[in-house]
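Containing mmCIF, C-alpha atoms: model_2.cif.
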```
data_coords
#
loop_
_atom_site.group_PDB
_atom_site.id
_atom_site.type_symbol
_atom_site.label_atom_id
_atom_site.label_comp_id
_atom_site.auth_asym_id
_atom_site.auth_seq_id
_atom_site.Cartn_x
_atom_site.Cartn_y
_atom_site.Cartn_z
ATOM 1 C CA MET L 869 -33.567 -9.049 -2.676
ATOM 2 C CA ILE L 870 -30.540 -8.937 -0.375
ATOM 3 C CA LYS L 871 -27.782 -6.739 -1.726
ATOM 4 C CA VAL L 872 -24.192 -7.923 -1.758
ATOM 5 C CA LYS L 873 -21.862 -5.477 -0.010
ATOM 6 C CA MET L 874 -18.541 -4.733 -1.708
ATOM 7 C CA GLU L 875 -16.087 -2.548 0.174
ATOM 8 C CA VAL L 876 -13.186 -1.152 -1.850
ATOM 9 C CA LEU L 877 -10.176 0.118 0.084
ATOM 10 C CA SER L 878 -7.696 2.493 -1.507
ATOM 11 C CA GLY L 879 -4.677 4.374 -0.241
ATOM 12 C CA ASP L 880 -4.331 8.144 -0.229
ATOM 13 C CA PRO L 881 -2.701 9.217 -2.463
ATOM 14 C CA PRO L 882 -3.873 6.250 -4.541
ATOM 15 C CA CYS L 883 -1.291 3.994 -6.190
ATOM 16 C CA PRO L 884 -1.946 2.883 -9.812
ATOM 17 C CA GLY L 885 -3.506 -0.351 -8.526
ATOM 18 C CA CYS L 886 -5.879 1.586 -6.279
ATOM 19 C CA LEU L 887 -6.922 3.874 -9.148
ATOM 20 C CA ALA L 888 -7.666 0.856 -11.336
ATOM 21 C CA VAL L 889 -9.690 -0.814 -8.575
ATOM 22 C CA LEU L 890 -11.709 2.353 -7.955
ATOM 23 C CA GLU L 891 -12.557 2.545 -11.667
ATOM 24 C CA LEU L 892 -13.498 -1.134 -11.691
ATOM 25 C CA ALA L 893 -15.726 -0.570 -8.661
ATOM 26 C CA ASP L 894 -17.623 2.180 -10.522
ATOM 27 C CA GLU L 895 -18.022 -0.113 -13.515
ATOM 28 C CA PHE L 896 -19.364 -2.962 -11.380
ATOM 29 C CA ALA L 897 -21.683 -0.626 -9.449
ATOM 30 C CA LEU L 898 -23.354 0.192 -12.790
ATOM 31 C CA LYS L 899 -23.252 -3.386 -14.053
ATOM 32 C CA TYR L 900 -24.992 -4.769 -10.955
ATOM 33 C CA LYS L 901 -27.145 -1.764 -10.092
ATOM 34 C CA GLY L 902 -29.690 -2.661 -7.432
ATOM 35 C CA LYS L 903 -27.900 -5.905 -6.526
ATOM 36 C CA LEU L 904 -24.533 -4.635 -5.405
ATOM 37 C CA ASP L 905 -23.784 -2.085 -2.712
ATOM 38 C CA VAL L 906 -20.376 -0.549 -3.463
ATOM 39 C CA ILE L 907 -18.649 1.333 -0.652
ATOM 40 C CA LYS L 908 -15.413 3.115 -1.531
ATOM 41 C CA LEU L 909 -13.068 3.815 1.367
ATOM 42 C CA ILE L 910 -10.092 5.999 0.578
ATOM 43 C CA GLY L 911 -7.155 6.936 2.792
ATOM 44 C CA GLU L 912 -8.088 7.912 6.353
ATOM 45 C CA GLU L 913 -11.629 6.541 6.006
ATOM 46 C CA ALA L 914 -10.182 3.137 5.065
ATOM 47 C CA LEU L 915 -7.908 2.855 8.100
ATOM 48 C CA ALA L 916 -10.540 1.544 10.551
ATOM 49 C CA LYS L 917 -11.652 -1.237 8.174
ATOM 50 C CA PHE L 918 -8.009 -1.891 7.217
ATOM 51 C CA ASP L 919 -7.321 -2.754 10.866
ATOM 52 C CA GLU L 920 -10.681 -4.451 11.483
ATOM 53 C CA TYR L 921 -10.258 -6.912 8.607
ATOM 54 C CA ARG L 922 -6.490 -7.159 9.194
ATOM 55 C CA ILE L 923 -5.700 -6.287 5.596
ATOM 56 C CA GLY L 924 -1.993 -6.241 4.705
ATOM 57 C CA CYS L 925 -2.023 -3.717 1.883
ATOM 58 C CA VAL L 926 -4.233 -1.842 -0.561
ATOM 59 C CA PRO L 927 -5.926 -2.023 -3.002
ATOM 60 C CA ALA L 928 -8.298 -4.431 -1.300
ATOM 61 C CA ILE L 929 -11.821 -5.632 -1.974
ATOM 62 C CA VAL L 930 -13.960 -7.037 0.816
ATOM 63 C CA ILE L 931 -17.196 -8.760 -0.183
ATOM 64 C CA ASN L 932 -19.755 -9.369 2.557
ATOM 65 C CA GLU L 933 -17.110 -8.901 5.259
ATOM 66 C CA LYS L 934 -14.645 -11.344 3.637
ATOM 67 C CA ILE L 935 -11.349 -10.236 2.095
ATOM 68 C CA ARG L 936 -11.427 -11.355 -1.535
ATOM 69 C CA ILE L 937 -8.739 -9.259 -3.217
ATOM 70 C CA GLU L 938 -5.572 -7.800 -1.703
ATOM 71 C CA GLY L 939 -2.632 -5.912 -3.214
ATOM 72 C CA ILE L 940 -3.673 -6.051 -6.883
ATOM 73 C CA CYS L 941 -6.398 -4.913 -9.231
ATOM 74 C CA PRO L 942 -8.300 -8.055 -10.275
ATOM 75 C CA SER L 943 -9.502 -8.835 -13.787
ATOM 76 C CA ARG L 944 -13.210 -8.406 -14.454
ATOM 77 C CA LYS L 945 -13.567 -12.189 -14.531
ATOM 78 C CA THR L 946 -11.851 -12.612 -11.157
ATOM 79 C CA LEU L 947 -14.052 -9.962 -9.575
ATOM 80 C CA ASP L 948 -17.145 -11.525 -11.114
ATOM 81 C CA ASN L 949 -16.158 -14.879 -9.601
ATOM 82 C CA ALA L 950 -15.477 -13.284 -6.231
ATOM 83 C CA LEU L 951 -18.910 -11.640 -6.293
ATOM 84 C CA ARG L 952 -20.561 -14.900 -7.265
ATOM 85 C CA GLU L 953 -18.838 -16.609 -4.345
ATOM 86 C CA GLY L 954 -20.040 -13.712 -2.201
ATOM 87 C CA GLY L 955 -23.643 -14.462 -3.113
ATOM 88 C CA LEU L 956 -24.417 -12.272 -6.132
ATOM 89 C CA MET M 1253 26.576 6.169 13.931
ATOM 90 C CA ILE M 1254 22.910 5.440 13.283
ATOM 91 C CA VAL M 1255 21.585 5.503 9.729
ATOM 92 C CA MET M 1256 18.043 6.853 9.549
ATOM 93 C CA LEU M 1257 16.008 5.031 6.901
ATOM 94 C CA LYS M 1258 12.556 6.446 6.189
ATOM 95 C CA VAL M 1259 9.961 4.708 4.018
ATOM 96 C CA PHE M 1260 7.101 6.943 2.853
ATOM 97 C CA HIS M 1261 3.854 5.275 1.841
ATOM 98 C CA PRO M 1262 0.247 6.171 1.126
ATOM 99 C CA SER M 1263 -2.221 5.563 3.906
ATOM 100 C CA PRO M 1264 -3.102 2.657 4.116
ATOM 101 C CA PRO M 1265 0.074 1.296 2.498
ATOM 102 C CA CYS M 1266 -0.007 -0.341 -0.945
ATOM 103 C CA ALA M 1267 1.605 -3.648 -1.907
ATOM 104 C CA LYS M 1268 4.824 -2.069 -3.245
ATOM 105 C CA CYS M 1269 5.279 -0.023 -0.081
ATOM 106 C CA ARG M 1270 4.796 -3.126 2.057
ATOM 107 C CA GLN M 1271 7.498 -4.857 0.008
ATOM 108 C CA VAL M 1272 9.917 -1.964 0.511
ATOM 109 C CA GLU M 1273 9.155 -1.954 4.252
ATOM 110 C CA LYS M 1274 10.071 -5.653 4.357
ATOM 111 C CA VAL M 1275 13.295 -5.031 2.400
ATOM 112 C CA ALA M 1276 14.189 -2.195 4.798
ATOM 113 C CA ALA M 1277 13.465 -4.373 7.827
ATOM 114 C CA ARG M 1278 15.616 -7.215 6.492
ATOM 115 C CA VAL M 1279 18.545 -4.901 5.736
ATOM 116 C CA ALA M 1280 18.211 -3.203 9.128
ATOM 117 C CA ALA M 1281 18.248 -6.618 10.820
ATOM 118 C CA ARG M 1282 21.721 -7.218 9.336
ATOM 119 C CA HIS M 1283 22.979 -4.055 11.060
ATOM 120 C CA PRO M 1284 21.653 -4.261 14.611
ATOM 121 C CA GLY M 1285 21.806 -0.936 16.402
ATOM 122 C CA GLU M 1286 23.093 0.865 13.320
ATOM 123 C CA VAL M 1287 19.992 1.344 11.165
ATOM 124 C CA GLU M 1288 16.700 2.805 12.316
ATOM 125 C CA VAL M 1289 13.692 2.277 10.040
ATOM 126 C CA LEU M 1290 10.700 4.589 10.130
ATOM 127 C CA SER M 1291 7.539 4.004 8.134
ATOM 128 C CA LEU M 1292 5.738 7.289 7.493
ATOM 129 C CA PRO M 1293 2.684 8.548 5.566
ATOM 130 C CA VAL M 1294 3.471 10.400 2.350
ATOM 131 C CA LEU M 1295 0.773 12.990 3.020
ATOM 132 C CA SER M 1296 2.804 14.722 5.687
ATOM 133 C CA GLU M 1297 4.920 17.816 6.166
ATOM 134 C CA GLU M 1298 8.006 15.631 6.409
ATOM 135 C CA ALA M 1299 7.414 13.987 3.018
ATOM 136 C CA ARG M 1300 6.704 17.388 1.506
ATOM 137 C CA SER M 1301 9.956 18.725 2.924
ATOM 138 C CA TYR M 1302 11.842 16.034 0.986
ATOM 139 C CA GLY M 1303 9.774 16.681 -2.152
ATOM 140 C CA ILE M 1304 8.584 13.098 -2.468
ATOM 141 C CA LEU M 1305 5.997 12.796 -5.230
ATOM 142 C CA LEU M 1306 5.898 9.029 -5.760
ATOM 143 C CA THR M 1307 5.527 6.135 -3.365
ATOM 144 C CA PRO M 1308 7.213 4.112 -2.044
ATOM 145 C CA GLY M 1309 9.713 6.830 -1.179
ATOM 146 C CA VAL M 1310 12.954 5.902 0.565
ATOM 147 C CA VAL M 1311 15.042 8.513 2.358
ATOM 148 C CA ILE M 1312 18.420 7.668 3.856
ATOM 149 C CA ASN M 1313 19.904 10.188 6.267
ATOM 150 C CA ASP M 1314 17.707 12.988 4.875
ATOM 151 C CA ARG M 1315 18.599 12.285 1.238
ATOM 152 C CA ILE M 1316 16.107 10.767 -1.200
ATOM 153 C CA PHE M 1317 17.374 7.343 -2.219
ATOM 154 C CA SER M 1318 14.506 6.151 -4.410
ATOM 155 C CA THR M 1319 10.882 6.855 -5.247
ATOM 156 C CA GLY M 1320 8.140 4.963 -7.036
ATOM 157 C CA LYS M 1321 9.776 1.548 -7.192
ATOM 158 C CA VAL M 1322 10.546 -1.525 -5.165
ATOM 159 C CA ILE M 1323 14.246 -1.470 -4.394
ATOM 160 C CA SER M 1324 16.248 -4.656 -4.004
ATOM 161 C CA GLU M 1325 17.961 -5.698 -0.803
ATOM 162 C CA ASP M 1326 21.357 -5.401 -2.541
ATOM 163 C CA GLU M 1327 20.700 -1.827 -3.644
ATOM 164 C CA LEU M 1328 19.662 -0.817 -0.142
ATOM 165 C CA GLU M 1329 22.451 -2.779 1.508
ATOM 166 C CA ASN M 1330 25.043 -0.980 -0.664
ATOM 167 C CA ALA M 1331 23.591 2.412 0.179
ATOM 168 C CA ILE M 1332 23.532 1.621 3.892
ATOM 169 C CA GLU M 1333 27.126 0.396 3.795
ATOM 170 C CA VAL M 1334 28.214 3.639 2.125
ATOM 171 C CA GLU M 1335 26.477 5.597 4.894
ATOM 172 C CA LEU M 1336 28.082 3.421 7.552
ATOM 173 C CA ASP M 1337 31.421 3.912 5.818
ATOM 174 C CA VAL M 1338 31.921 0.162 5.540
ATOM 175 C CA LYS M 1339 32.792 0.468 1.858
#
```
Mind converting the file's structure to structure tokens?
Amino acid sequence: MIKVKMEVLSGDPPCPGCLAVLELADEFALKYKGKLDVIKLIGEEALAKFDEYRIGCVPAIVINEKIRIEGICPSRKTLDNALREGGL
Amino acid sequence: MIVMLKVFHPSPPCAKCRQVEKVAARVAARHPGEVEVLSLPVLSEEARSYGILLTPGVVINDRIFSTGKVISEDELENAIEVELDVK
């Protein structure tokens, strides 16, 4: 089975939105264990991807190299839909 | 006289900080040559020297103007005008 890659970008220090997204990422990593590859990028380690994907602001969620969420923490339903669109 | 306007943000910047950067840029554009805007990371010696604990942090001429909220253009415009002695 091909895993779906979800990259979560957060600022350092994290804003409230980033904290919420990081928590949501942990929750979804458990929910879709074995199917979803969650990569958390915080602060300095997020900068390269931030530029590569041309993201405007954090928090951001990139699913299989496509920006799906930017600037807000999504609802569980929205993230589920984004993952489904991403191939999960 | 040049007014120094510093916006401190986390790295990478969050949505609120981006908004404040845009507000600062728009206000600065109304005062060509009089307002200099700098966008700086909050995890820095400079931010620590001002004692900024929340982002976005806005510092005007070395005085903290606001932290942790998106300021309006009017608020910033008024503060800049006071610094420029227009008011």
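Taking atom CA of Leu1290 of chain M and atom CA of Val1259 of chain M as the two end points, the separation is 6.2 Å.
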**OP:** I would like the residues chosen by the PyMOL selection byres ((chain M) within 8 of (chain L)) on the shown file; could you give them as a VMD selection string?
**Re:** chain M and resid 1262 to 1267 1270 1294 to 1295 1307
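Atom CA of Pro1308 of chain M sits 6.3 Å away from atom CA of Lys1321 of chain M.
Remark: residues at most 6 Å from position (16.3, -4.0, 10.6) in file coordinates are M:Ala1277, M:Arg1278, M:Val1279, M:Ala1280, M:Ala1281, using all atoms listed in the file.
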**OP:** Taking the file as shown, find all residues satisfying the PyMOL selection byres ((chain L and resi 897) around 12) and write them as number ranges by chain.
**Re:** L: 871-876, 890-896, 898-908, 948, 951
Original post:
the PyMOL selection byres ((chain M and resi 1289) around 6) on the file shown: which residues, as a list of chain:residue names?
Top reply: M:Leu1257, M:Lys1258, M:Glu1288, M:Leu1290
Restrict the selected residues to C-alpha atoms and save them as an mmCIF file, in the coordinates of the input.
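Written out: out_6.cif:
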```cif
data_model
loop_
_atom_site.group_PDB
_atom_site.id
_atom_site.type_symbol
_atom_site.label_atom_id
_atom_site.label_comp_id
_atom_site.auth_asym_id
_atom_site.auth_seq_id
_atom_site.Cartn_x
_atom_site.Cartn_y
_atom_site.Cartn_z
ATOM 1 C CA LEU M 1257 16.008 5.031 6.901
ATOM 2 C CA LYS M 1258 12.556 6.446 6.189
ATOM 3 C CA GLU M 1288 16.700 2.805 12.316
ATOM 4 C CA LEU M 1290 10.700 4.589 10.130
#
```
**OP:** Write out as a PyMOL selection string each polymer residue whose atoms come within 10 Å of Ser1318 of chain M, counting all atoms listed in the file; drop sequence neighbours fewer than 3 positions from it.
**Re:** chain M and resi 1259+1304+1306-1312+1315+1321-1323+1328
